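Report on the following structure.
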Amino acid sequence: MANDREVLREIWDGKLPICFQLDQEEIMDIQQPDPFYVMVPRLSYFPLVIDKMKRHFLRFISQENADNEMWLDYNGQPLKWHYPIGFLYDLFCGNDPQLPWNLTVHFTKFPEHILLHCSNKDIVEAHFMSTVKEADVLKHRGQVMSTMQKKDHNQLWLGLQNDKFDQFWAINRRLMESHGDNEGFKHIPIRIYSDDGICRQRLISPRNSDGSRKIIQQLISELYPDKPDVKLRTHGILLPADTPLQWLSEHMSYPDNFLHICLC
């Protein structure tokens, strides 16, 4: 893996300012609650960063709803907690950036047909580890995760949950390295999403048939032959057409080891 720790650190340190506001229909107190402002890591997941916000709003809602599962929306669109926060922002605001990101908080009318339930952080951990294992199968045929011990899995998760770069990358670097034949990963773990949030996932090799490194423009030609002007965005960045996929996967994957990319 290229020794570009500065890029990894810049991606890790990415933050988003968010303004949370309680749904007006759920306010039971005479006093209007103040919005709750917070900076959150782009690489994290909403269930990991909303404990204080939830406590802030609980006293303003009906107590019979206090134990309900909380959920968020942006402009009426429920936000899927199992997607990284930064990706969600790119998906909904990438073409029209707004800061802070204004989100609405709900304790009622959970959209069962859109969102998965998430009653505690153990569910987030299970989803995260499952996705990391899927990425390892694509890159290394599952050979890295299968050699890790439980304590390594715990360190990986706690590094993400507690926003500890060194703790996380001490383990994750083993998942990001090429192994064996020096030709890079077997496949690139990548998910590309259209504006409506529909995900496209295919087996993508980091190399072309002639052995040369595959770049973004070649990926676009492969996936969207009728749309040569398509652009791809991740971490708020429009990706240059000549970016090699192997480099991109090594440096700009989310902690789950997938590239989450928005079509634009």
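Each chain in the structure tokens gets a letter, A, B and so on, in the order shown; residues start at 1 in every chain, and ligands are counted from 1 in the order they appear.
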For the interface of segment 17-113 of chain A with segment 225-242 of chain A (cut-off 7 Å, counting only C-alpha atoms), please tabulate each contacting residue of segment 17-113 of chain A alongside its nearest pair of atoms and their separation in Å to one decimal, rows sorted by chain and increasing number, as JSON lines.
{"residue": "A:Gly86", "atom": "CA", "partner": "A:His235", "partner_atom": "CA", "distance": 6.4}
{"residue": "A:Phe87", "atom": "CA", "partner": "A:His235", "partner_atom": "CA", "distance": 6.8}
{"residue": "A:Asp90", "atom": "CA", "partner": "A:Gly236", "partner_atom": "CA", "distance": 6.0}
{"residue": "A:Gly94", "atom": "CA", "partner": "A:Gly236", "partner_atom": "CA", "distance": 6.7}
Write the selection just made, keeping all heavy atoms, as a PDB file, in the first residue's frame?
ATOM      1  N   GLY A  86     -20.995  10.938   6.015  1.00  0.00           N
ATOM      2  CA  GLY A  86     -20.454  11.730   4.918  1.00  0.00           C
ATOM      3  C   GLY A  86     -21.024  11.333   3.571  1.00  0.00           C
ATOM      4  O   GLY A  86     -21.283  12.188   2.711  1.00  0.00           O
ATOM      5  N   PHE A  87     -21.237  10.045   3.388  1.00  0.00           N
ATOM      6  CA  PHE A  87     -21.846   9.586   2.141  1.00  0.00           C
ATOM      7  C   PHE A  87     -23.276  10.111   2.010  1.00  0.00           C
ATOM      8  O   PHE A  87     -23.689  10.553   0.937  1.00  0.00           O
ATOM      9  CB  PHE A  87     -21.845   8.064   2.059  1.00  0.00           C
ATOM     10  CG  PHE A  87     -22.847   7.541   1.076  1.00  0.00           C
ATOM     11  CD1 PHE A  87     -22.641   7.693  -0.278  1.00  0.00           C
ATOM     12  CD2 PHE A  87     -24.030   6.963   1.509  1.00  0.00           C
ATOM     13  CE1 PHE A  87     -23.590   7.264  -1.194  1.00  0.00           C
ATOM     14  CE2 PHE A  87     -24.982   6.520   0.604  1.00  0.00           C
ATOM     15  CZ  PHE A  87     -24.759   6.676  -0.757  1.00  0.00           C
ATOM     16  N   ASP A  90     -23.176  13.664   0.886  1.00  0.00           N
ATOM     17  CA  ASP A  90     -22.831  13.762  -0.533  1.00  0.00           C
ATOM     18  C   ASP A  90     -24.018  13.381  -1.413  1.00  0.00           C
ATOM     19  O   ASP A  90     -24.248  13.980  -2.464  1.00  0.00           O
ATOM     20  CB  ASP A  90     -21.648  12.843  -0.856  1.00  0.00           C
ATOM     21  CG  ASP A  90     -20.330  13.368  -0.307  1.00  0.00           C
ATOM     22  OD1 ASP A  90     -20.271  14.547   0.082  1.00  0.00           O
ATOM     23  OD2 ASP A  90     -19.356  12.592  -0.266  1.00  0.00           O
ATOM     24  N   GLY A  94     -24.665  16.936  -2.293  1.00  0.00           N
ATOM     25  CA  GLY A  94     -23.430  17.067  -3.066  1.00  0.00           C
ATOM     26  C   GLY A  94     -23.508  18.085  -4.172  1.00  0.00           C
ATOM     27  O   GLY A  94     -22.540  18.807  -4.446  1.00  0.00           O
TER      28      GLY A  94
END
Near Met39 of chain A, counting only C-alpha atoms, which residues have an atom at most 7 Å away, once you skip same-chain residues fewer than 6 positions from it, shown as a PyMOL selection string?
chain A and resi 15-18
Taking the DSSP assignment computed from this structure's backbone, write out as a VMD selection string all residues of segment 193-240 of chain A that belong to helix (DSSP H, G or I).
chain A and resid 216 to 223
Convert the current residue selection to file output with N, CA and C atoms, as a JSON list (two decimals), in the first residue's frame.
[["chain", "number", "residue", "atom", "x", "y", "z"],
["A", 216, "ILE", "N", -10.58, 5.92, -13.23],
["A", 216, "ILE", "CA", -11.98, 6.30, -13.10],
["A", 216, "ILE", "C", -12.68, 6.39, -14.45],
["A", 217, "GLN", "N", -12.04, 7.03, -15.44],
["A", 217, "GLN", "CA", -12.68, 7.19, -16.74],
["A", 217, "GLN", "C", -13.00, 5.84, -17.38],
["A", 218, "GLN", "N", -12.12, 4.87, -17.20],
["A", 218, "GLN", "CA", -12.38, 3.53, -17.74],
["A", 218, "GLN", "C", -13.51, 2.84, -16.99],
["A", 219, "LEU", "N", -13.60, 3.09, -15.69],
["A", 219, "LEU", "CA", -14.71, 2.55, -14.91],
["A", 219, "LEU", "C", -16.04, 3.12, -15.41],
["A", 220, "ILE", "N", -16.08, 4.43, -15.65],
["A", 220, "ILE", "CA", -17.29, 5.07, -16.16],
["A", 220, "ILE", "C", -17.68, 4.50, -17.52],
["A", 221, "SER", "N", -16.70, 4.31, -18.39],
["A", 221, "SER", "CA", -16.97, 3.75, -19.72],
["A", 221, "SER", "C", -17.51, 2.33, -19.61],
["A", 222, "GLU", "N", -17.01, 1.61, -18.60],
["A", 222, "GLU", "CA", -17.43, 0.22, -18.40],
["A", 222, "GLU", "C", -18.85, 0.13, -17.86],
["A", 223, "LEU", "N", -19.18, 1.00, -16.92],
["A", 223, "LEU", "CA", -20.50, 0.93, -16.27],
["A", 223, "LEU", "C", -21.56, 1.77, -16.96]]
Apply DSSP to the structure's backbone, then extract all residues of segment 150-239 of chain A labelled strand (DSSP E or B) and return them as a ChimeraX atom specification.
/A:190-193,199-200,207,213,215,232-234,237-238
Report as a JSON list (two decimals) with N, CA, C and O atoms, in the first residue's frame all protein, DNA and RNA residues lying within 10 Å of Ala66 of chain A, evaluated on only C-alpha atoms, omitting residues in the same chain fewer than 2 positions from it.
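What follows is the written file out_17.json:
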[["chain", "number", "residue", "atom", "x", "y", "z"],
["A", 54, "LYS", "N", -30.18, 13.31, 21.47],
["A", 54, "LYS", "CA", -31.42, 12.65, 21.89],
["A", 54, "LYS", "C", -31.84, 13.12, 23.28],
["A", 54, "LYS", "O", -33.02, 13.46, 23.51],
["A", 55, "ARG", "N", -30.89, 13.18, 24.19],
["A", 55, "ARG", "CA", -31.20, 13.65, 25.56],
["A", 55, "ARG", "C", -31.69, 15.10, 25.54],
["A", 55, "ARG", "O", -32.56, 15.49, 26.33],
["A", 57, "PHE", "N", -33.53, 16.58, 23.34],
["A", 57, "PHE", "CA", -34.91, 16.73, 22.87],
["A", 57, "PHE", "C", -35.94, 15.93, 23.67],
["A", 57, "PHE", "O", -37.14, 16.21, 23.58],
["A", 58, "LEU", "N", -35.49, 14.96, 24.46],
["A", 58, "LEU", "CA", -36.44, 14.07, 25.14],
["A", 58, "LEU", "C", -37.42, 14.82, 26.04],
["A", 58, "LEU", "O", -38.59, 14.44, 26.16],
["A", 59, "ARG", "N", -36.98, 15.88, 26.68],
["A", 59, "ARG", "CA", -37.85, 16.58, 27.63],
["A", 59, "ARG", "C", -38.94, 17.41, 26.94],
["A", 59, "ARG", "O", -39.83, 17.94, 27.60],
["A", 60, "PHE", "N", -38.86, 17.51, 25.61],
["A", 60, "PHE", "CA", -39.84, 18.33, 24.88],
["A", 60, "PHE", "C", -40.91, 17.48, 24.20],
["A", 60, "PHE", "O", -41.82, 18.02, 23.58],
["A", 61, "ILE", "N", -40.82, 16.15, 24.31],
["A", 61, "ILE", "CA", -41.78, 15.29, 23.63],
["A", 61, "ILE", "C", -42.67, 14.58, 24.65],
["A", 61, "ILE", "O", -42.39, 14.59, 25.85],
["A", 62, "SER", "N", -43.74, 13.98, 24.17],
["A", 62, "SER", "CA", -44.60, 13.19, 25.04],
["A", 62, "SER", "C", -43.82, 12.02, 25.61],
["A", 62, "SER", "O", -43.11, 11.32, 24.89],
["A", 63, "GLN", "N", -43.93, 11.83, 26.93],
["A", 63, "GLN", "CA", -43.15, 10.77, 27.58],
["A", 63, "GLN", "C", -43.55, 9.38, 27.11],
["A", 63, "GLN", "O", -42.78, 8.43, 27.24],
["A", 64, "GLU", "N", -44.73, 9.25, 26.56],
["A", 64, "GLU", "CA", -45.13, 7.94, 26.04],
["A", 64, "GLU", "C", -44.36, 7.59, 24.76],
["A", 64, "GLU", "O", -44.33, 6.43, 24.35],
["A", 68, "ASN", "N", -39.47, 5.30, 22.16],
["A", 68, "ASN", "CA", -39.56, 4.96, 20.73],
["A", 68, "ASN", "C", -38.20, 5.10, 20.05],
["A", 68, "ASN", "O", -37.33, 5.84, 20.51],
["A", 69, "GLU", "N", -38.06, 4.40, 18.96],
["A", 69, "GLU", "CA", -36.82, 4.51, 18.19],
["A", 69, "GLU", "C", -36.78, 5.85, 17.45],
["A", 69, "GLU", "O", -37.70, 6.20, 16.73],
["A", 70, "MET", "N", -35.70, 6.59, 17.67],
["A", 70, "MET", "CA", -35.54, 7.88, 17.03],
["A", 70, "MET", "C", -35.04, 7.69, 15.60],
["A", 70, "MET", "O", -34.27, 6.79, 15.32],
["A", 107, "PHE", "N", -39.54, 11.00, 16.80],
["A", 107, "PHE", "CA", -39.71, 9.90, 17.76],
["A", 107, "PHE", "C", -40.99, 9.09, 17.46],
["A", 107, "PHE", "O", -41.31, 8.16, 18.18],
["A", 108, "THR", "N", -41.72, 9.47, 16.43],
["A", 108, "THR", "CA", -42.95, 8.77, 16.06],
["A", 108, "THR", "C", -42.95, 8.51, 14.56],
["A", 108, "THR", "O", -42.11, 9.04, 13.81]]
Neighbour list for segment 161-174 of chain A as number ranges by chain, cut-off 8 Å, only C-alpha atoms, skip fewer than 2 positions in-chain:
A: 9, 12, 41, 44, 48, 144, 152, 155-159, 176-177
Writing out the chosen residues with N, CA and C atoms as a CSV table (one decimal), in the first residue's frame:
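Below is the file part.csv, written as the result:
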chain,number,residue,atom,x,y,z
A,9,ARG,N,-5.2,10.4,6.9
A,9,ARG,CA,-5.6,11.3,8.0
A,9,ARG,C,-6.5,12.4,7.6
A,12,TRP,N,-9.9,10.8,7.4
A,12,TRP,CA,-10.4,10.5,8.7
A,12,TRP,C,-10.9,11.7,9.5
A,41,PRO,N,-18.1,13.2,12.7
A,41,PRO,CA,-17.1,12.7,11.7
A,41,PRO,C,-17.9,12.2,10.5
A,44,SER,N,-18.3,8.3,10.3
A,44,SER,CA,-19.1,7.6,11.4
A,44,SER,C,-20.5,7.3,10.9
A,48,LEU,N,-24.0,6.4,16.3
A,48,LEU,CA,-22.8,6.6,17.2
A,48,LEU,C,-22.6,8.0,17.7
A,144,VAL,N,-7.8,-12.1,5.1
A,144,VAL,CA,-7.3,-11.3,6.1
A,144,VAL,C,-8.2,-11.4,7.4
A,152,ASP,N,-8.7,-8.1,17.7
A,152,ASP,CA,-8.5,-7.2,16.5
A,152,ASP,C,-9.8,-6.6,16.0
A,155,GLN,N,-10.8,-3.9,18.4
A,155,GLN,CA,-9.9,-2.7,18.2
A,155,GLN,C,-10.4,-1.9,17.0
A,156,LEU,N,-10.7,-2.6,15.9
A,156,LEU,CA,-11.2,-2.0,14.7
A,156,LEU,C,-12.5,-1.2,15.0
A,157,TRP,N,-13.4,-1.9,15.7
A,157,TRP,CA,-14.7,-1.2,16.0
A,157,TRP,C,-14.6,-0.1,17.0
A,158,LEU,N,-13.8,-0.3,18.0
A,158,LEU,CA,-13.7,0.8,19.0
A,158,LEU,C,-12.9,2.0,18.5
A,159,GLY,N,-12.0,1.7,17.5
A,159,GLY,CA,-11.3,2.9,16.9
A,159,GLY,C,-12.3,3.7,16.1
A,176,MET,N,-6.1,-3.1,4.0
A,176,MET,CA,-5.9,-2.2,2.9
A,176,MET,C,-4.7,-2.5,2.1
A,177,GLU,N,-3.9,-3.5,2.5
A,177,GLU,CA,-2.7,-3.8,1.8
A,177,GLU,C,-3.0,-4.8,0.7
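Here atom CA of Tyr74 of chain A and atom CA of Glu10 of chain A stand 26.3 Å from one another.
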Return the single residue from A:Gly197, A:Pro35, A:Pro189, A:Pro97 that is closest to Gln77 of chain A, with distances computed using only C-alpha atoms.
A:Gly197
In terms of only C-alpha atoms, the residue from A:Leu263, A:Ala135, A:Leu160, A:Leu72 at minimal distance from Leu115 of chain A is A:Leu72
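For the pair atom CA of Ser119 of chain A and atom CA of Tyr37 of chain A, the separation is 23.3 Å.
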